[in-house]
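Novice: Once you've had a glance at the structure underneath, I'll fire off some questions.
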Amino acid sequence: MDTPVVGWNVFHGARITDVEVSAEAVSKAKGPNQLLAGVGYSMGAIIISNYVARSGSGCHLDAAMAISGKQQKQLFVNCCHITFLTLLRGMKYTIFFSIYFVGGLDLREMLKSTRSARLWQPMLAQTLRDEFIITKFDNRFRHRLSKEEYLKLMRSYSVSEIDKYAIVAYNGFDDLVHYYSSMSVMGDIELLESTNSSLAPDLNAGRIANVSIPLCILHALDDPLTVWRTVGNPEIVVNTGSGFIMMVLTKSGGHVGWPLGLNPRSHGWKFMNDAASSFANSVDEAKNGETR
């Protein structure tokens, strides 16, 4: 979270090069019997799924899991987390690689989510503006944005507005649709208003069809930040490309939450972390079964 940023390339959710370089470095260090799985939480889920799709057969991971990929591609200064989990026969060790912010498969759907913008984003927008932009990169934004853009940024009421007046303007995106499309796995597919599956676009024509490793999407349908529509049509998505994509959709769980029992605090984030661990172990067992 406090890693110094050298130069002008501050964070934005469509950049996958940080993950690529990190995954490549860890991949080179693993042994022949090890499996490297990437687990992304919230914004990290958006980034890791985008990386897996865009890298295709050149992906440095053996498996990946996206948890609560959120709309707000924007940047929750504490919510973007990516973990590289390496499995060795009889031994595990974890390497943590953090970013900040939050993830779905098609973030353009968030532009139509008035509930999120009205109810949740205002609270997050203030933290994002104060802790990410002003505290860390204020000089950079003041230098690159016009006075009008900076004033609109300071008056932004939602995360989407901050994306528009800060991230889009700072990084040279055409508009919010361009930015959200660039960070979304299905961002290069025509976005249709109809829910009729017979009219659904051919996902095999987009980058999501390039996924070449097991990719699991874990999402709660009641997620208040990333609406369920961002995961697309599950039946179509899981049959895209070579069939490496799978989904686990729960009725409840919130955003990176899934509380358990009468005292959720005592269980922490057990549900989603156990799900990630079980998925990685299952892929590892399947791969080793193939090599026997």
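Chain identifiers are assigned as A, B, and so on, following the order in which chains appear in the structure tokens; residues are numbered from 1 within each chain, and ligands are numbered from 1 in order of appearance.
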Could you give me, as a VMD selection string, the residues within 10 Å of segment 149-156 of chain A, counting only C-alpha atoms and dropping anything in the same chain fewer than 6 positions from it?
Specialist: chain A and resid 122 125 to 126 129 to 130 133 to 134 138 141 to 143 162 to 167 169 to 170
Novice: If we count only C-alpha atoms, what is near Thr250 of chain A at a cut-off of 9 Å, once residues fewer than 2 positions away on the same chain are taken out, given as a PyMOL selection string?
Specialist: chain A and resi 218-222+248+252-253
Novice: Which one is closest to Leu111 of chain A: A:Ser49, A:Ser181, A:Ser68, A:Asn204? Count only C-alpha atoms.
Specialist: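 Looking at the shortest contact to Leu111 of chain A, the residue is A:Ser181.
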Novice: Rounded to one decimal, what separation in Å do you get between atom CA of Lys136 of chain A and atom CA of Met110 of chain A?
Specialist: 26.5 Å
Novice: Which residues come within 6 Å of segment 63-66 of chain A, counting only C-alpha atoms, excluding same-chain residues fewer than 4 positions away, as a CSV table (one decimal) with C-alpha atoms, in the first residue's frame?
Specialist:
chain,number,residue,atom,x,y,z
A,37,ALA,CA,-2.2,-19.7,-8.6
A,38,GLY,CA,-3.2,-16.0,-8.5
A,39,VAL,CA,-6.0,-14.9,-6.3
A,40,GLY,CA,-7.5,-11.5,-6.8
A,45,ALA,CA,-10.1,-9.7,-9.1
A,213,ILE,CA,-5.7,-21.7,-17.5
A,214,PRO,CA,-8.4,-22.7,-14.9
A,215,LEU,CA,-10.1,-19.4,-13.9
A,216,CYS,CA,-12.8,-19.4,-11.1
A,217,ILE,CA,-15.1,-16.5,-10.5
Novice: Go through segment 87-268 of chain A and collect every residue that DSSP, computed from the backbone, puts in alpha helix (DSSP H); the answer should be as a VMD selection string.
Specialist: chain A and resid 114 to 115 121 to 127 135 to 144 147 to 154 159 to 162 169 to 171 176 to 183 234 to 237
Novice: Which of these, A:Trp258, A:Trp120, A:Phe271, A:Phe244, has the shortest distance to Val159 of chain A once you count only C-alpha atoms?
Specialist: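 Residue with the minimum atom-to-atom distance to Val159 of chain A: A:Trp120.
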Novice: Counting only C-alpha atoms, which of A:Ile67, A:Ile189, A:Val52, A:Val238 gets nearest to Gly257 of chain A?
Specialist: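 Result for the nearest residue to Gly257 of chain A: A:Ile67.
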Novice: With only C-alpha atoms as the basis for distance, which of A:Ala280, A:Val5, A:Ile46, A:Met272 is at the shortest distance from Thr230 of chain A?
Specialist: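 Closest candidate: A:Ile46.
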Novice: Work out how far atom CA of Lys30 of chain A is from atom CA of Ser282 of chain A, in Å to one decimal.
Specialist: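 About the pair atom CA of Ser282 of chain A and atom CA of Lys30 of chain A: they are 18.5 Å apart.
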Novice: For atom CA of Asp284 of chain A and atom CA of Ser55 of chain A, quote the distance in Å rounded to one decimal.
Specialist: 21.0 Å
Novice: Skip Cys59 of chain A itself and residues of its chain fewer than 2 positions away, then list as a list in words all residues within 9 Å of it, counting only C-alpha atoms.
Specialist: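 Near neighbours after the sequence-gap exclusion: Glu20, Ala23, Glu24, Tyr51, Val52, Ala53, Arg54, Ser55, Gly56, Ser57, Leu61, Asp62, Val211, Ser212 and Ile213 of chain A.
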Novice: Determine the nearest neighbour of Met247 of chain A from the options A:Val231, A:Val177, A:Ala29, A:Leu203, counting only C-alpha atoms.
Specialist: A:Val231
Novice: If we count only C-alpha atoms, what is near Arg118 of chain A at a cut-off of 12 Å, once residues fewer than 3 positions away on the same chain are taken out, given as a list in words?
Specialist: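 My reading of the contact set: Leu111, Lys112, Ser113, Thr114, Arg115, Gln121, Pro122, Met123, Leu124, Ala125, Tyr157, Ser158, Val159, Ser160, Glu161, Pro224 and Leu225 of chain A.
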Novice: Residues within 12 Å of Ser184 of chain A, please, as a JSON list (two decimals) with N, CA, C and O atoms, in the first residue's frame. Count only C-alpha atoms; anything in the same chain fewer than 4 positions from it doesn't count.
Specialist:
[["chain", "number", "residue", "atom", "x", "y", "z"],
["A", 13, "GLY", "N", -6.93, 0.83, -13.05],
["A", 13, "GLY", "CA", -7.37, -0.55, -13.05],
["A", 13, "GLY", "C", -7.20, -1.32, -14.34],
["A", 13, "GLY", "O", -7.39, -2.53, -14.35],
["A", 14, "ALA", "N", -6.86, -0.66, -15.44],
["A", 14, "ALA", "CA", -6.71, -1.36, -16.72],
["A", 14, "ALA", "C", -5.28, -1.83, -16.95],
["A", 14, "ALA", "O", -5.01, -2.53, -17.92],
["A", 15, "ARG", "N", -4.36, -1.45, -16.07],
["A", 15, "ARG", "CA", -2.97, -1.85, -16.25],
["A", 15, "ARG", "C", -2.75, -3.25, -15.70],
["A", 15, "ARG", "O", -3.07, -3.53, -14.55],
["A", 16, "ILE", "N", -2.18, -4.14, -16.51],
["A", 16, "ILE", "CA", -1.92, -5.51, -16.07],
["A", 16, "ILE", "C", -0.43, -5.83, -16.02],
["A", 16, "ILE", "O", -0.04, -6.92, -15.61],
["A", 43, "MET", "N", -10.78, -5.21, -6.49],
["A", 43, "MET", "CA", -10.12, -4.65, -7.66],
["A", 43, "MET", "C", -9.07, -5.61, -8.18],
["A", 43, "MET", "O", -8.82, -5.71, -9.38],
["A", 45, "ALA", "N", -9.38, -8.70, -8.30],
["A", 45, "ALA", "CA", -10.09, -9.70, -9.10],
["A", 45, "ALA", "C", -10.26, -9.21, -10.53],
["A", 45, "ALA", "O", -10.13, -9.99, -11.49],
["A", 46, "ILE", "N", -10.53, -7.94, -10.68],
["A", 46, "ILE", "CA", -10.69, -7.36, -12.02],
["A", 46, "ILE", "C", -9.37, -7.45, -12.78],
["A", 46, "ILE", "O", -9.31, -7.84, -13.93],
["A", 47, "ILE", "N", -8.31, -7.06, -12.08],
["A", 47, "ILE", "CA", -7.01, -7.01, -12.73],
["A", 47, "ILE", "C", -6.50, -8.41, -13.10],
["A", 47, "ILE", "O", -6.00, -8.63, -14.20],
["A", 48, "ILE", "N", -6.64, -9.35, -12.18],
["A", 48, "ILE", "CA", -6.09, -10.68, -12.47],
["A", 48, "ILE", "C", -6.87, -11.40, -13.56],
["A", 48, "ILE", "O", -6.28, -12.10, -14.39],
["A", 49, "SER", "N", -8.19, -11.23, -13.60],
["A", 49, "SER", "CA", -8.97, -11.87, -14.66],
["A", 49, "SER", "C", -8.66, -11.21, -16.01],
["A", 49, "SER", "O", -8.59, -11.89, -17.04],
["A", 50, "ASN", "N", -8.44, -9.90, -16.00],
["A", 50, "ASN", "CA", -8.09, -9.19, -17.23],
["A", 50, "ASN", "C", -6.72, -9.65, -17.72],
["A", 50, "ASN", "O", -6.50, -9.85, -18.92],
["A", 51, "TYR", "N", -5.80, -9.85, -16.79],
["A", 51, "TYR", "CA", -4.46, -10.33, -17.15],
["A", 51, "TYR", "C", -4.52, -11.74, -17.75],
["A", 51, "TYR", "O", -3.91, -12.01, -18.79],
["A", 52, "VAL", "N", -5.28, -12.62, -17.12],
["A", 52, "VAL", "CA", -5.38, -14.00, -17.61],
["A", 52, "VAL", "C", -5.94, -14.02, -19.03],
["A", 52, "VAL", "O", -5.45, -14.77, -19.89],
["A", 53, "ALA", "N", -6.95, -13.21, -19.29],
["A", 53, "ALA", "CA", -7.56, -13.20, -20.62],
["A", 53, "ALA", "C", -6.65, -12.56, -21.67],
["A", 53, "ALA", "O", -6.48, -13.09, -22.78],
["A", 54, "ARG", "N", -6.05, -11.44, -21.33],
["A", 54, "ARG", "CA", -5.22, -10.73, -22.29],
["A", 54, "ARG", "C", -3.91, -11.46, -22.59],
["A", 54, "ARG", "O", -3.38, -11.36, -23.70],
["A", 69, "GLY", "N", -15.06, -9.41, -7.87],
["A", 69, "GLY", "CA", -14.55, -8.45, -8.83],
["A", 69, "GLY", "C", -15.48, -7.28, -8.83],
["A", 69, "GLY", "O", -16.67, -7.44, -8.94],
["A", 70, "LYS", "N", -14.98, -6.11, -8.64],
["A", 70, "LYS", "CA", -15.89, -5.02, -8.47],
["A", 70, "LYS", "C", -15.89, -3.98, -9.54],
["A", 70, "LYS", "O", -14.94, -3.83, -10.25],
["A", 71, "GLN", "N", -16.98, -3.30, -9.58],
["A", 71, "GLN", "CA", -17.19, -2.26, -10.53],
["A", 71, "GLN", "C", -16.12, -1.27, -10.38],
["A", 71, "GLN", "O", -15.43, -0.91, -11.27],
["A", 72, "GLN", "N", -16.13, -0.76, -9.25],
["A", 72, "GLN", "CA", -15.29, 0.33, -8.97],
["A", 72, "GLN", "C", -13.92, -0.03, -9.30],
["A", 72, "GLN", "O", -13.16, -0.41, -8.49],
["A", 73, "LYS", "N", -13.74, 0.13, -10.39],
["A", 73, "LYS", "CA", -12.45, -0.17, -10.83],
["A", 73, "LYS", "C", -11.62, 0.87, -10.26],
["A", 73, "LYS", "O", -10.55, 1.09, -10.59],
["A", 103, "GLY", "N", -13.24, -5.11, -8.64],
["A", 103, "GLY", "CA", -13.45, -5.98, -9.74],
["A", 103, "GLY", "C", -14.65, -6.68, -10.32],
["A", 103, "GLY", "O", -15.29, -6.98, -9.63],
["A", 104, "GLY", "N", -15.37, -7.24, -11.73],
["A", 104, "GLY", "CA", -16.34, -7.97, -12.49],
["A", 104, "GLY", "C", -15.81, -8.26, -13.85],
["A", 104, "GLY", "O", -14.71, -7.92, -14.13],
["A", 105, "LEU", "N", -16.59, -8.88, -14.61],
["A", 105, "LEU", "CA", -16.15, -9.26, -15.95],
["A", 105, "LEU", "C", -16.46, -8.17, -16.97],
["A", 105, "LEU", "O", -15.78, -8.06, -17.98],
["A", 106, "ASP", "N", -17.51, -7.39, -16.70],
["A", 106, "ASP", "CA", -17.84, -6.27, -17.60],
["A", 106, "ASP", "C", -18.28, -5.08, -16.76],
["A", 106, "ASP", "O", -19.44, -4.96, -16.36],
["A", 107, "LEU", "N", -17.35, -4.19, -16.47],
["A", 107, "LEU", "CA", -17.62, -3.05, -15.58],
["A", 107, "LEU", "C", -18.50, -1.98, -16.21],
["A", 107, "LEU", "O", -18.97, -1.08, -15.50],
["A", 108, "ARG", "N", -18.73, -2.07, -17.49],
["A", 108, "ARG", "CA", -19.62, -1.09, -18.12],
["A", 108, "ARG", "C", -21.02, -1.16, -17.53],
["A", 108, "ARG", "O", -21.77, -0.18, -17.54],
["A", 109, "GLU", "N", -21.37, -2.33, -17.00],
["A", 109, "GLU", "CA", -22.69, -2.49, -16.37],
["A", 109, "GLU", "C", -22.83, -1.58, -15.15],
["A", 109, "GLU", "O", -23.94, -1.24, -14.74],
["A", 110, "MET", "N", -21.70, -1.19, -14.55],
["A", 110, "MET", "CA", -21.75, -0.33, -13.37],
["A", 110, "MET", "C", -22.24, 1.07, -13.68],
["A", 110, "MET", "O", -22.71, 1.78, -12.81],
["A", 177, "VAL", "N", -16.44, 4.84, -20.55],
["A", 177, "VAL", "CA", -16.71, 3.59, -21.26],
["A", 177, "VAL", "C", -15.40, 2.99, -21.78],
["A", 177, "VAL", "O", -15.16, 1.79, -21.67],
["A", 178, "HIS", "N", -14.54, 3.84, -22.31],
["A", 178, "HIS", "CA", -13.23, 3.39, -22.80],
["A", 178, "HIS", "C", -12.41, 2.79, -21.66],
["A", 178, "HIS", "O", -11.81, 1.71, -21.80],
["A", 179, "TYR", "N", -12.40, 3.46, -20.52],
["A", 179, "TYR", "CA", -11.64, 2.98, -19.36],
["A", 179, "TYR", "C", -12.19, 1.67, -18.83],
["A", 179, "TYR", "O", -11.46, 0.69, -18.63],
["A", 180, "TYR", "N", -13.50, 1.62, -18.61],
["A", 180, "TYR", "CA", -14.12, 0.41, -18.07],
["A", 180, "TYR", "C", -14.01, -0.75, -19.05],
["A", 180, "TYR", "O", -13.87, -1.90, -18.64],
["A", 188, "ASP", "N", -14.48, -5.91, -24.64],
["A", 188, "ASP", "CA", -14.40, -5.78, -26.10],
["A", 188, "ASP", "C", -15.58, -6.43, -26.80],
["A", 188, "ASP", "O", -15.60, -6.57, -28.02],
["A", 189, "ILE", "N", -16.59, -6.83, -26.00],
["A", 189, "ILE", "CA", -17.81, -7.43, -26.55],
["A", 189, "ILE", "C", -18.92, -6.40, -26.54],
["A", 189, "ILE", "O", -19.05, -5.63, -25.59],
["A", 191, "LEU", "N", -22.04, -4.49, -25.77],
["A", 191, "LEU", "CA", -22.91, -4.52, -24.59],
["A", 191, "LEU", "C", -24.35, -4.35, -25.03],
["A", 191, "LEU", "O", -24.74, -3.32, -25.56],
["A", 206, "GLY", "N", -14.29, -12.45, -28.38],
["A", 206, "GLY", "CA", -13.59, -11.50, -27.52],
["A", 206, "GLY", "C", -12.41, -12.10, -26.79],
["A", 206, "GLY", "O", -12.14, -13.30, -26.90],
["A", 207, "ARG", "N", -11.70, -11.29, -26.02],
["A", 207, "ARG", "CA", -10.50, -11.75, -25.33],
["A", 207, "ARG", "C", -10.79, -12.77, -24.23],
["A", 207, "ARG", "O", -9.89, -13.51, -23.83],
["A", 208, "ILE", "N", -12.02, -12.81, -23.74],
["A", 208, "ILE", "CA", -12.33, -13.79, -22.70],
["A", 208, "ILE", "C", -12.14, -15.22, -23.21],
["A", 208, "ILE", "O", -11.87, -16.14, -22.44],
["A", 230, "THR", "N", -22.48, -7.57, -13.75],
["A", 230, "THR", "CA", -21.10, -7.48, -14.25],
["A", 230, "THR", "C", -20.50, -8.84, -14.54],
["A", 230, "THR", "O", -19.45, -8.93, -15.20],
["A", 231, "VAL", "N", -21.12, -9.92, -14.08],
["A", 231, "VAL", "CA", -20.57, -11.26, -14.36],
["A", 231, "VAL", "C", -21.14, -11.84, -15.65],
["A", 231, "VAL", "O", -20.75, -12.93, -16.06],
["A", 232, "GLY", "N", -22.05, -11.11, -16.30],
["A", 232, "GLY", "CA", -22.61, -11.58, -17.55],
["A", 232, "GLY", "C", -23.57, -12.74, -17.37],
["A", 232, "GLY", "O", -24.10, -12.98, -16.28]]
